[in-house]
Structures are given as structure tokens and as C-alpha cells.
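J.: For reference, the file entry38.pdb (PDB, C-alpha atoms and all ligand atoms) is included below:
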```pdb
ATOM      1  CA  MET A1437      -2.222 -16.235  -9.055  1.00  0.00           C
ATOM      2  CA  ASP A1438      -0.248 -15.025 -12.060  1.00  0.00           C
ATOM      3  CA  ALA A1439       0.821 -11.400 -12.491  1.00  0.00           C
ATOM      4  CA  ILE A1440      -1.946 -10.386 -14.919  1.00  0.00           C
ATOM      5  CA  GLU A1441      -4.624 -11.945 -12.738  1.00  0.00           C
ATOM      6  CA  ALA A1442      -3.241 -10.279  -9.599  1.00  0.00           C
ATOM      7  CA  LEU A1443      -3.128  -6.828 -11.129  1.00  0.00           C
ATOM      8  CA  LYS A1444      -6.595  -7.108 -12.674  1.00  0.00           C
ATOM      9  CA  LYS A1445      -8.207  -8.579  -9.559  1.00  0.00           C
ATOM     10  CA  ARG A1446      -6.613  -6.276  -7.005  1.00  0.00           C
ATOM     11  CA  ARG A1447      -9.119  -3.879  -5.541  1.00  0.00           C
ATOM     12  CA  SER A1448      -8.976  -1.747  -2.430  1.00  0.00           C
ATOM     13  CA  VAL A1449     -10.276  -3.699   0.558  1.00  0.00           C
ATOM     14  CA  ARG A1450     -11.169  -1.807   3.731  1.00  0.00           C
ATOM     15  CA  ASP A1451     -13.018  -4.455   5.730  1.00  0.00           C
ATOM     16  CA  TYR A1452     -10.859  -7.174   7.247  1.00  0.00           C
ATOM     17  CA  ALA A1453     -11.412 -10.538   8.869  1.00  0.00           C
ATOM     18  CA  ASP A1454     -10.017 -11.046  12.364  1.00  0.00           C
ATOM     19  CA  ARG A1455      -7.202 -13.246  11.055  1.00  0.00           C
ATOM     20  CA  PRO A1456      -3.518 -12.533  11.491  1.00  0.00           C
ATOM     21  CA  ILE A1457      -1.141 -12.533   8.535  1.00  0.00           C
ATOM     22  CA  ALA A1458       1.787 -14.917   9.000  1.00  0.00           C
ATOM     23  CA  LYS A1459       5.153 -13.208   9.401  1.00  0.00           C
ATOM     24  CA  LYS A1460       6.571 -15.331   6.559  1.00  0.00           C
ATOM     25  CA  VAL A1461       3.861 -14.051   4.223  1.00  0.00           C
ATOM     26  CA  LEU A1462       4.536 -10.433   5.235  1.00  0.00           C
ATOM     27  CA  GLU A1463       8.233 -10.998   4.616  1.00  0.00           C
ATOM     28  CA  GLU A1464       7.520 -12.391   1.165  1.00  0.00           C
ATOM     29  CA  ILE A1465       5.307  -9.391   0.365  1.00  0.00           C
ATOM     30  CA  ILE A1466       8.057  -6.941   1.346  1.00  0.00           C
ATOM     31  CA  ASP A1467      10.575  -9.020  -0.565  1.00  0.00           C
ATOM     32  CA  CYS A1468       8.478  -8.341  -3.679  1.00  0.00           C
ATOM     33  CA  ALA A1469       8.615  -4.596  -2.945  1.00  0.00           C
ATOM     34  CA  ARG A1470      12.396  -4.478  -3.231  1.00  0.00           C
ATOM     35  CA  PHE A1471      12.247  -5.723  -6.848  1.00  0.00           C
ATOM     36  CA  ALA A1472      10.422  -2.613  -8.036  1.00  0.00           C
ATOM     37  CA  PRO A1473      12.304  -0.305 -10.410  1.00  0.00           C
ATOM     38  CA  THR A1474      13.971   2.844  -9.084  1.00  0.00           C
ATOM     39  CA  ALA A1475      15.585   5.798 -10.828  1.00  0.00           C
ATOM     40  CA  CYS A1476      19.323   5.029 -11.187  1.00  0.00           C
ATOM     41  CA  ASN A1477      18.660   1.955  -9.046  1.00  0.00           C
ATOM     42  CA  VAL A1478      19.079   3.994  -5.856  1.00  0.00           C
ATOM     43  CA  GLN A1479      16.483   1.946  -3.921  1.00  0.00           C
ATOM     44  CA  PRO A1480      15.865   4.767  -1.431  1.00  0.00           C
ATOM     45  CA  TRP A1481      13.244   2.832   0.517  1.00  0.00           C
ATOM     46  CA  GLU A1482      12.674   1.305   3.916  1.00  0.00           C
ATOM     47  CA  PHE A1483       9.565  -0.622   4.943  1.00  0.00           C
ATOM     48  CA  VAL A1484       8.098  -0.612   8.432  1.00  0.00           C
ATOM     49  CA  VAL A1485       5.618  -3.418   9.065  1.00  0.00           C
ATOM     50  CA  VAL A1486       3.283  -2.726  11.969  1.00  0.00           C
ATOM     51  CA  THR A1487       1.203  -5.570  13.423  1.00  0.00           C
ATOM     52  CA  GLU A1488       0.660  -4.593  17.048  1.00  0.00           C
ATOM     53  CA  ARG A1489      -2.959  -3.599  17.559  1.00  0.00           C
ATOM     54  CA  GLU A1490      -2.224  -0.551  19.684  1.00  0.00           C
ATOM     55  CA  ALA A1491       0.124   0.858  17.057  1.00  0.00           C
ATOM     56  CA  LEU A1492      -2.367   0.092  14.279  1.00  0.00           C
ATOM     57  CA  GLU A1493      -4.991   2.015  16.206  1.00  0.00           C
ATOM     58  CA  LYS A1494      -2.645   4.977  16.622  1.00  0.00           C
ATOM     59  CA  ILE A1495      -1.934   5.081  12.876  1.00  0.00           C
ATOM     60  CA  ALA A1496      -5.664   4.766  12.140  1.00  0.00           C
ATOM     61  CA  ARG A1497      -6.418   7.736  14.387  1.00  0.00           C
ATOM     62  CA  LEU A1498      -3.886   9.847  12.474  1.00  0.00           C
ATOM     63  CA  CYS A1499      -5.123   8.979   8.966  1.00  0.00           C
ATOM     64  CA  ASN A1500      -8.349  10.862   8.298  1.00  0.00           C
ATOM     65  CA  TYR A1501      -9.331   8.444   5.518  1.00  0.00           C
ATOM     66  CA  GLY A1502      -7.730   5.327   6.971  1.00  0.00           C
ATOM     67  CA  LYS A1503      -9.739   4.510  10.075  1.00  0.00           C
ATOM     68  CA  PHE A1504     -10.015   0.874   8.889  1.00  0.00           C
ATOM     69  CA  ILE A1505      -6.276   0.436   9.581  1.00  0.00           C
ATOM     70  CA  ALA A1506      -7.280  -0.207  13.196  1.00  0.00           C
ATOM     71  CA  GLU A1507      -8.768  -3.576  12.140  1.00  0.00           C
ATOM     72  CA  ALA A1508      -6.094  -4.500   9.573  1.00  0.00           C
ATOM     73  CA  GLY A1509      -3.841  -7.526   9.970  1.00  0.00           C
ATOM     74  CA  ALA A1510      -0.851  -5.309   9.258  1.00  0.00           C
ATOM     75  CA  CYS A1511       0.081  -1.859   8.100  1.00  0.00           C
ATOM     76  CA  VAL A1512       3.120  -1.247   5.928  1.00  0.00           C
ATOM     77  CA  LEU A1513       4.726   2.168   5.960  1.00  0.00           C
ATOM     78  CA  VAL A1514       6.681   2.839   2.780  1.00  0.00           C
ATOM     79  CA  LEU A1515       9.440   5.314   3.566  1.00  0.00           C
ATOM     80  CA  CYS A1516      11.938   6.804   1.159  1.00  0.00           C
ATOM     81  CA  GLU A1517      14.979   8.969   1.536  1.00  0.00           C
ATOM     82  CA  ASP A1518      14.355  12.428   0.100  1.00  0.00           C
ATOM     83  CA  THR A1519      15.887  11.728  -3.335  1.00  0.00           C
ATOM     84  CA  LYS A1520      14.858  13.380  -6.616  1.00  0.00           C
ATOM     85  CA  TYR A1521      12.568  10.506  -7.587  1.00  0.00           C
ATOM     86  CA  TYR A1522      11.578   9.264  -4.149  1.00  0.00           C
ATOM     87  CA  LEU A1523       7.867   9.519  -4.895  1.00  0.00           C
ATOM     88  CA  GLU A1524       8.001   7.503  -8.116  1.00  0.00           C
ATOM     89  CA  ASP A1525      10.307   4.932  -6.523  1.00  0.00           C
ATOM     90  CA  GLY A1526       8.171   4.577  -3.430  1.00  0.00           C
ATOM     91  CA  ALA A1527       4.980   4.374  -5.495  1.00  0.00           C
ATOM     92  CA  ALA A1528       6.458   1.539  -7.586  1.00  0.00           C
ATOM     93  CA  ALA A1529       7.326  -0.398  -4.428  1.00  0.00           C
ATOM     94  CA  THR A1530       3.865   0.348  -3.057  1.00  0.00           C
ATOM     95  CA  GLU A1531       2.165  -1.179  -6.092  1.00  0.00           C
ATOM     96  CA  ASN A1532       4.378  -4.279  -5.828  1.00  0.00           C
ATOM     97  CA  ILE A1533       3.184  -4.706  -2.251  1.00  0.00           C
ATOM     98  CA  LEU A1534      -0.480  -4.414  -3.238  1.00  0.00           C
ATOM     99  CA  LEU A1535      -0.034  -6.969  -6.038  1.00  0.00           C
ATOM    100  CA  ALA A1536       1.946  -9.393  -3.891  1.00  0.00           C
ATOM    101  CA  ALA A1537      -0.769  -9.163  -1.235  1.00  0.00           C
ATOM    102  CA  ALA A1538      -3.400  -9.978  -3.885  1.00  0.00           C
ATOM    103  CA  HIS A1539      -1.384 -13.047  -4.850  1.00  0.00           C
ATOM    104  CA  PHE A1540      -1.709 -14.300  -1.247  1.00  0.00           C
ATOM    105  CA  GLY A1541      -5.452 -13.551  -1.129  1.00  0.00           C
ATOM    106  CA  ILE A1542      -4.792 -10.608   1.165  1.00  0.00           C
ATOM    107  CA  GLY A1543      -6.817  -7.454   0.682  1.00  0.00           C
ATOM    108  CA  SER A1544      -5.111  -4.090   0.813  1.00  0.00           C
ATOM    109  CA  CYS A1545      -5.698  -0.390   0.647  1.00  0.00           C
ATOM    110  CA  TRP A1546      -3.242   2.372  -0.199  1.00  0.00           C
ATOM    111  CA  VAL A1547      -3.707   5.252   2.216  1.00  0.00           C
ATOM    112  CA  ALA A1548      -1.992   8.551   1.423  1.00  0.00           C
ATOM    113  CA  GLY A1549       0.829   9.312   2.013  1.00  0.00           C
ATOM    114  CA  ASP A1550       3.227  11.913   0.968  1.00  0.00           C
ATOM    115  CA  LYS A1551       1.039  15.026   0.868  1.00  0.00           C
ATOM    116  CA  LYS A1552      -0.799  14.541   4.132  1.00  0.00           C
ATOM    117  CA  PRO A1553      -0.246  16.746   7.199  1.00  0.00           C
ATOM    118  CA  TYR A1554      -0.096  13.622   9.398  1.00  0.00           C
ATOM    119  CA  CYS A1555       3.085  12.340   7.678  1.00  0.00           C
ATOM    120  CA  LYS A1556       5.386  13.748  10.343  1.00  0.00           C
ATOM    121  CA  ASP A1557       3.392  12.141  13.148  1.00  0.00           C
ATOM    122  CA  ILE A1558       3.450   8.714  11.496  1.00  0.00           C
ATOM    123  CA  LEU A1559       7.178   8.972  10.792  1.00  0.00           C
ATOM    124  CA  LYS A1560       7.708   9.864  14.446  1.00  0.00           C
ATOM    125  CA  LEU A1561       5.560   6.930  15.559  1.00  0.00           C
ATOM    126  CA  ALA A1562       7.671   4.651  13.346  1.00  0.00           C
ATOM    127  CA  GLY A1563      10.903   6.011  14.833  1.00  0.00           C
ATOM    128  CA  ALA A1564      12.166   6.980  11.365  1.00  0.00           C
ATOM    129  CA  PRO A1565      15.273   9.149  11.012  1.00  0.00           C
ATOM    130  CA  ALA A1566      14.591  12.737   9.817  1.00  0.00           C
ATOM    131  CA  LYS A1567      15.773  12.193   6.232  1.00  0.00           C
ATOM    132  CA  TYR A1568      12.833   9.917   5.388  1.00  0.00           C
ATOM    133  CA  LYS A1569       9.559  10.818   3.681  1.00  0.00           C
ATOM    134  CA  LEU A1570       6.387   8.826   4.069  1.00  0.00           C
ATOM    135  CA  VAL A1571       5.271   7.726   0.597  1.00  0.00           C
ATOM    136  CA  SER A1572       2.354   5.516   1.540  1.00  0.00           C
ATOM    137  CA  VAL A1573       0.539   3.792   4.356  1.00  0.00           C
ATOM    138  CA  LEU A1574      -0.777   0.376   3.349  1.00  0.00           C
ATOM    139  CA  ALA A1575      -3.460  -1.520   5.183  1.00  0.00           C
ATOM    140  CA  LEU A1576      -3.330  -5.284   4.664  1.00  0.00           C
ATOM    141  CA  GLY A1577      -5.767  -7.923   5.827  1.00  0.00           C
ATOM    142  CA  TYR A1578      -7.702 -10.959   4.760  1.00  0.00           C
ATOM    143  CA  PRO A1579     -10.998  -9.687   3.330  1.00  0.00           C
ATOM    144  CA  LYS A1580     -14.028 -10.128   5.575  1.00  0.00           C
ATOM    145  CA  SER A1581     -16.070 -11.317   2.614  1.00  0.00           C
ATOM    146  CA  ALA A1582     -14.936 -12.903  -0.649  1.00  0.00           C
ATOM    147  CA  GLY A1583     -17.012 -10.282  -2.468  1.00  0.00           C
ATOM    148  CA  GLU A1584     -14.427  -7.652  -1.667  1.00  0.00           C
ATOM    149  CA  PHE A1585     -12.395  -8.801  -4.695  1.00  0.00           C
ATOM    150  CA  ARG A1586     -15.003  -7.185  -6.941  1.00  0.00           C
ATOM    151  CA  LEU A1587     -14.798  -5.733 -10.413  1.00  0.00           C
ATOM    152  CA  ALA A1588     -14.688  -2.007  -9.733  1.00  0.00           C
ATOM    153  CA  ASP A1589     -15.623   0.579 -12.323  1.00  0.00           C
ATOM    154  CA  LYS A1590     -12.547   1.277 -14.375  1.00  0.00           C
ATOM    155  CA  ARG A1591     -12.284   3.475 -17.445  1.00  0.00           C
ATOM    156  CA  PRO A1592     -12.590   1.290 -20.552  1.00  0.00           C
ATOM    157  CA  LEU A1593      -9.458   0.544 -22.569  1.00  0.00           C
ATOM    158  CA  LYS A1594     -10.840   2.033 -25.772  1.00  0.00           C
ATOM    159  CA  GLU A1595     -11.339   5.373 -24.032  1.00  0.00           C
ATOM    160  CA  LEU A1596      -7.756   5.765 -22.862  1.00  0.00           C
ATOM    161  CA  LEU A1597      -5.547   3.830 -25.271  1.00  0.00           C
ATOM    162  CA  HIS A1598      -4.043   5.937 -28.064  1.00  0.00           C
ATOM    163  CA  TRP A1599      -1.908   4.373 -30.764  1.00  0.00           C
ATOM    164  CA  GLU A1600       0.962   6.498 -32.073  1.00  0.00           C
ATOM    165  CA  LYS A1601      -0.670   9.866 -31.137  1.00  0.00           C
ATOM    166  CA  PHE A1602      -3.156  11.111 -28.532  1.00  0.00           C
TER     167      PHE A1602
HETATM  168  C1  LIG B1701      -2.130   7.980  -3.702  1.00  0.00           C
HETATM  169  C2  LIG B1701      -3.355   7.258  -3.227  1.00  0.00           C
HETATM  170  C3  LIG B1701      -3.932   7.637  -2.035  1.00  0.00           C
HETATM  171  C4  LIG B1701      -5.039   6.958  -1.534  1.00  0.00           C
HETATM  172  N1  LIG B1701      -5.530   7.312  -0.317  1.00  0.00           N
HETATM  173  C5  LIG B1701      -6.581   6.638   0.191  1.00  0.00           C
HETATM  174  C6  LIG B1701      -7.043   6.929   1.503  1.00  0.00           C
HETATM  175  O1  LIG B1701      -6.520   7.797   2.205  1.00  0.00           O
HETATM  176  N2  LIG B1701      -8.092   6.204   1.988  1.00  0.00           N
HETATM  177  C7  LIG B1701      -8.692   5.220   1.242  1.00  0.00           C
HETATM  178  O2  LIG B1701      -9.626   4.593   1.743  1.00  0.00           O
HETATM  179  N3  LIG B1701      -8.262   4.908  -0.006  1.00  0.00           N
HETATM  180  C8  LIG B1701      -7.220   5.576  -0.546  1.00  0.00           C
HETATM  181  N4  LIG B1701      -6.733   5.242  -1.784  1.00  0.00           N
HETATM  182  C9  LIG B1701      -7.354   4.145  -2.550  1.00  0.00           C
HETATM  183  C10 LIG B1701      -8.224   4.657  -3.680  1.00  0.00           C
HETATM  184  O3  LIG B1701      -9.402   5.217  -3.166  1.00  0.00           O
HETATM  185  C11 LIG B1701      -8.544   3.480  -4.641  1.00  0.00           C
HETATM  186  O4  LIG B1701      -7.361   2.949  -5.158  1.00  0.00           O
HETATM  187  C12 LIG B1701      -9.429   3.943  -5.795  1.00  0.00           C
HETATM  188  O5  LIG B1701     -10.706   4.292  -5.343  1.00  0.00           O
HETATM  189  C13 LIG B1701      -9.587   2.852  -6.872  1.00  0.00           C
HETATM  190  O6  LIG B1701     -10.117   1.659  -6.322  1.00  0.00           O
HETATM  191  P1  LIG B1701      -9.325   0.273  -6.391  1.00  0.00           P
HETATM  192  O7  LIG B1701      -8.073   0.409  -5.572  1.00  0.00           O
HETATM  193  O8  LIG B1701     -10.278  -0.725  -5.812  1.00  0.00           O
HETATM  194  O9  LIG B1701      -8.994  -0.021  -7.814  1.00  0.00           O
HETATM  195  C14 LIG B1701      -5.624   5.901  -2.288  1.00  0.00           C
HETATM  196  C15 LIG B1701      -5.028   5.520  -3.500  1.00  0.00           C
HETATM  197  C16 LIG B1701      -3.904   6.172  -3.956  1.00  0.00           C
HETATM  198  C17 LIG B1701      -3.252   5.720  -5.242  1.00  0.00           C
END
```
What would the structure in this file look like if it were written as C-alpha cells?

T.:
Amino acid sequence: MDAIEALKKRRSVRDYADRPIAKKVLEEIIDCARFAPTACNVQPWEFVVVTEREALEKIARLCNYGKFIAEAGACVLVLCEDTKYYLEDGAAATENILLAAAHFGIGSCWVAGDKKPYCKDILKLAGAPAKYKLVSVLALGYPKSAGEFRLADKRPLKELLHWEKF
């Protein structure tokens, strides 16, 4: 899948087939994350990949809108050091992960993240040192049905594109 196709076809998938994701594929997905841009190239991130079912279930219980993580093939925790632009940097890496997953035919869903009261609990579960913030929690899994890669309602280009001035 080329880049344009991946970013236009990616849609949040919350229903996963009972099929593990190969470690090599997960490694390749995280490898794509580290190529995201960061302010001053500080690369403040760390990525925790969780695949053990019990741990996935624990994360799912903590995320009020992420119960489907319990059935995911993997969950990636995007952590960043508390730098000035940690949120932008971590969000850029997050999007790379979602797009790389789409390339491999793996569905994904971005689950917040930074502003949630459960952040501390997930960071503790991950064994992260105190200086890290939790930018995003990403559920990954092969979609249960091919239909999950649907065309979602998106605002039309002509409504939001402004040439030269707003
Ligand atoms: C910062 C952020 C937080 C999100 N948190 C959740 C969440 O907690 N649970 C969830 O099911 N989806 C979550 N989403 C996914 C959005 O609901 C989804 O991206 C949006 O509805 C657009 O659909 P699409 O991803 O298929 O294009 C989140 C997305 C972002 C960017």
C-alpha cells in the first residue's frame, strides 16, 4: 500500500479477529514511528508494545473508551519525556504507527491519552520512569471483517481548504 492509499484508507477499527500479529511486523510498525518529525529532533519517545492477554485486559479496564483493547492483537503505549513539544512529537509518532499498521492490513484505534485520569495507572502498569507522559494508547489487530476499512464521513475538501487566506 502506498502512503496516500494508507492515509486515506486508515479508519479506526475496534473489532479484531483472533489472530496474533507477528513480532517482526510489530517491530516494523514501531520502526516507522521513529521516523516521525520532532521539534529540534529531540525524539523524546519510548514505545511499549503489550501483547500478553492479561495485560491487554488490564489496560482495557482502565480506558473508559477502550474496552476493545482486551481483544486486540497488541497495544502500543506511546510515551514521551515531558519536553515542551512532547504532545506534538508523540502525536506525530502515533499517526505513523496507525499508517504503518494500515499498510500491513492491521486495523488500529487511537485511544486517549494524555488528558485522561487513567494515564498514571497505565504508566505504572508499563513500569515507566516518572519523567514520562502517556501520549496515546493504540489498539492494533487484524480487522474481524474486511468492511472495517470503510469510507467514514469526513469533511469535504472544498469546505476546509482555503487558498492564500481563510
Ligand atoms: C486524541 C484522540 C483520542 C481518541 N480517543 C479514542 C478513545 O478513547 N476511544 C475510541 O474508541 N476512539 C478514540 N479515538 C478515535 C476517534 O474516535 C476516531 O479517530 C474518529 O472518530 C475518526 O474516525 P477514523 O479514525 O475512523 O477516521 C481517538 C482519536 C484521537 C485523535

J.: Around all listed atoms of ligand LIG 1701 (chain B), padded 6 Å per side, what centre and edge lengths does the axis-aligned box have in Å to one decimal, as JSON?

T.:
```
{"center_x": -6.4, "center_y": 3.6, "center_z": -2.8, "size_x": 20.6, "size_y": 20.7, "size_z": 22.0}
```

J.: Have a look at A:Leu1597, A:Leu1523, A:Cys1511, A:Ala1548 and name the one nearest to ligand LIG 1701 (chain B); count only C-alpha atoms and all ligand atoms.

T.: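 Of A:Leu1597, A:Leu1523, A:Cys1511, A:Ala1548, the one nearest ligand LIG 1701 (chain B) is A:Ala1548, counting only C-alpha atoms and all ligand atoms.
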
J.: Check the smallest atom-to-atom distance from each of A:Asp1557, A:Glu1482, A:Asp1550, A:Glu1463 to Val1514 (chain A) using all atoms listed in the file, then report the winner.

T.: A:Glu1482

J.: Taking only C-alpha atoms and all ligand atoms into account, list the residues no farther than 6 Å from ligand LIG 1701 (chain B), as a PyMOL selection string.

T.: chain A and resi 1447-1448+1501-1502+1545-1548

J.: Can I get the selection written as a tab-separated table (two decimals), in the frame of the given file, with C-alpha atoms?

T.:
```tsv
chain	number	residue	atom	x	y	z
A	1447	ARG	CA	-9.12	-3.88	-5.54
A	1448	SER	CA	-8.98	-1.75	-2.43
A	1501	TYR	CA	-9.33	8.44	5.52
A	1502	GLY	CA	-7.73	5.33	6.97
A	1545	CYS	CA	-5.70	-0.39	0.65
A	1546	TRP	CA	-3.24	2.37	-0.20
A	1547	VAL	CA	-3.71	5.25	2.22
A	1548	ALA	CA	-1.99	8.55	1.42
```

J.: Given the file shown, enumerate the residues that the PyMOL selection byres (((chain A and resi 1464-1472) around 9) and not hetatm) captures and present them as a list in words.

T.: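 Matching residues under the PyMOL selection byres (((chain A and resi 1464-1472) around 9) and not hetatm) are Lys1459, Lys1460, Val1461, Leu1462, Glu1463, Pro1473, Thr1474, Gln1479, Trp1481, Phe1483, Val1485, Val1512, Asp1525, Gly1526, Ala1528, Ala1529, Thr1530, Glu1531, Asn1532, Ile1533, Leu1534, Leu1535, Ala1536, Ala1537 and Phe1540 of chain A.
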
J.: With all atoms listed in the file as the basis for distance, which of A:Leu1570, A:Cys1516, A:Ala1538, A:Leu1596 is at the shortest distance from Lys1551 (chain A)?

T.: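 Between A:Leu1570, A:Cys1516, A:Ala1538, A:Leu1596, the residue approaching Lys1551 (chain A) most closely is A:Leu1570.
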
J.: Run the PyMOL selection byres (((chain A and resi 1449) around 12) and not hetatm) mentally over the shown coordinates, then write out the matched residues as an NGL selection string, using the chain letters and numbers from the document.

T.: :A and (1445-1448 or 1450-1453 or 1502 or 1504-1505 or 1507-1508 or 1534 or 1537-1538 or 1541-1547 or 1574-1586 or 1588)

J.: Give me, please, the distance in Å between CA of Pro1456 (chain A) and CA of Val1484 (chain A), quoted to one decimal.

T.: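 Answer for the CA of Pro1456 (chain A) to CA of Val1484 (chain A) separation: 16.9 Å.
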
J.: Using the incomplete input, complete region 1507-1531 of chain A to the level of N, CA and C atoms; output as an mmCIF file, in the coordinates of the input.

T.:
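What ended up in part_21.cif:
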```cif
data_model
loop_
_atom_site.group_PDB
_atom_site.id
_atom_site.type_symbol
_atom_site.label_atom_id
_atom_site.label_comp_id
_atom_site.auth_asym_id
_atom_site.auth_seq_id
_atom_site.Cartn_x
_atom_site.Cartn_y
_atom_site.Cartn_z
ATOM 1 N N GLU A 1507 -8.348 -2.159 12.198
ATOM 2 C CA GLU A 1507 -8.768 -3.576 12.140
ATOM 3 C C GLU A 1507 -7.920 -4.400 11.170
ATOM 4 N N ALA A 1508 -6.910 -3.781 10.567
ATOM 5 C CA ALA A 1508 -6.094 -4.500 9.573
ATOM 6 C C ALA A 1508 -5.202 -5.543 10.242
ATOM 7 N N GLY A 1509 -4.786 -6.530 9.470
ATOM 8 C CA GLY A 1509 -3.841 -7.526 9.970
ATOM 9 C C GLY A 1509 -2.444 -6.932 10.091
ATOM 10 N N ALA A 1510 -2.160 -5.983 9.229
ATOM 11 C CA ALA A 1510 -0.851 -5.309 9.258
ATOM 12 C C ALA A 1510 -0.959 -3.990 8.515
ATOM 13 N N CYS A 1511 -0.015 -3.134 8.816
ATOM 14 C CA CYS A 1511 0.081 -1.859 8.100
ATOM 15 C C CYS A 1511 1.541 -1.697 7.689
ATOM 16 N N VAL A 1512 1.749 -1.453 6.414
ATOM 17 C CA VAL A 1512 3.120 -1.247 5.928
ATOM 18 C C VAL A 1512 3.321 0.242 5.657
ATOM 19 N N LEU A 1513 4.357 0.777 6.233
ATOM 20 C CA LEU A 1513 4.726 2.168 5.960
ATOM 21 C C LEU A 1513 5.858 2.145 4.954
ATOM 22 N N VAL A 1514 5.633 2.776 3.802
ATOM 23 C CA VAL A 1514 6.681 2.839 2.780
ATOM 24 C C VAL A 1514 7.381 4.184 2.934
ATOM 25 N N LEU A 1515 8.631 4.119 3.325
ATOM 26 C CA LEU A 1515 9.440 5.314 3.566
ATOM 27 C C LEU A 1515 10.520 5.412 2.500
ATOM 28 N N CYS A 1516 10.822 6.620 2.098
ATOM 29 C CA CYS A 1516 11.938 6.804 1.159
ATOM 30 C C CYS A 1516 12.801 7.970 1.614
ATOM 31 N N GLU A 1517 14.082 7.833 1.337
ATOM 32 C CA GLU A 1517 14.979 8.969 1.536
ATOM 33 C C GLU A 1517 14.552 10.056 0.565
ATOM 34 N N ASP A 1518 14.840 11.300 0.890
ATOM 35 C CA ASP A 1518 14.355 12.428 0.100
ATOM 36 C C ASP A 1518 15.194 12.618 -1.166
ATOM 37 N N THR A 1519 15.135 11.655 -2.078
ATOM 38 C CA THR A 1519 15.887 11.728 -3.335
ATOM 39 C C THR A 1519 15.019 12.408 -4.390
ATOM 40 N N LYS A 1520 15.607 12.682 -5.556
ATOM 41 C CA LYS A 1520 14.858 13.380 -6.616
ATOM 42 C C LYS A 1520 13.592 12.614 -7.009
ATOM 43 N N TYR A 1521 13.704 11.308 -7.112
ATOM 44 C CA TYR A 1521 12.568 10.506 -7.587
ATOM 45 C C TYR A 1521 11.965 9.627 -6.490
ATOM 46 N N TYR A 1522 12.039 10.103 -5.261
ATOM 47 C CA TYR A 1522 11.578 9.264 -4.149
ATOM 48 C C TYR A 1522 10.106 8.860 -4.292
ATOM 49 N N LEU A 1523 9.304 9.793 -4.831
ATOM 50 C CA LEU A 1523 7.867 9.519 -4.895
ATOM 51 C C LEU A 1523 7.554 8.427 -5.927
ATOM 52 N N GLU A 1524 8.193 8.530 -7.083
ATOM 53 C CA GLU A 1524 8.001 7.503 -8.116
ATOM 54 C C GLU A 1524 8.516 6.165 -7.619
ATOM 55 N N ASP A 1525 9.705 6.184 -7.016
ATOM 56 C CA ASP A 1525 10.307 4.932 -6.523
ATOM 57 C C ASP A 1525 9.426 4.290 -5.447
ATOM 58 N N GLY A 1526 9.004 5.097 -4.526
ATOM 59 C CA GLY A 1526 8.171 4.577 -3.430
ATOM 60 C C GLY A 1526 6.814 4.093 -3.928
ATOM 61 N N ALA A 1527 6.279 4.780 -4.948
ATOM 62 C CA ALA A 1527 4.980 4.374 -5.495
ATOM 63 C C ALA A 1527 5.111 3.023 -6.215
ATOM 64 N N ALA A 1528 6.242 2.824 -6.895
ATOM 65 C CA ALA A 1528 6.458 1.539 -7.586
ATOM 66 C C ALA A 1528 6.527 0.400 -6.565
ATOM 67 N N ALA A 1529 7.232 0.628 -5.482
ATOM 68 C CA ALA A 1529 7.326 -0.398 -4.428
ATOM 69 C C ALA A 1529 5.957 -0.630 -3.795
ATOM 70 N N THR A 1530 5.208 0.447 -3.639
ATOM 71 C CA THR A 1530 3.865 0.348 -3.057
ATOM 72 C C THR A 1530 2.987 -0.569 -3.903
ATOM 73 N N GLU A 1531 3.006 -0.355 -5.213
ATOM 74 C CA GLU A 1531 2.165 -1.179 -6.092
ATOM 75 C C GLU A 1531 2.602 -2.650 -6.033
#
```
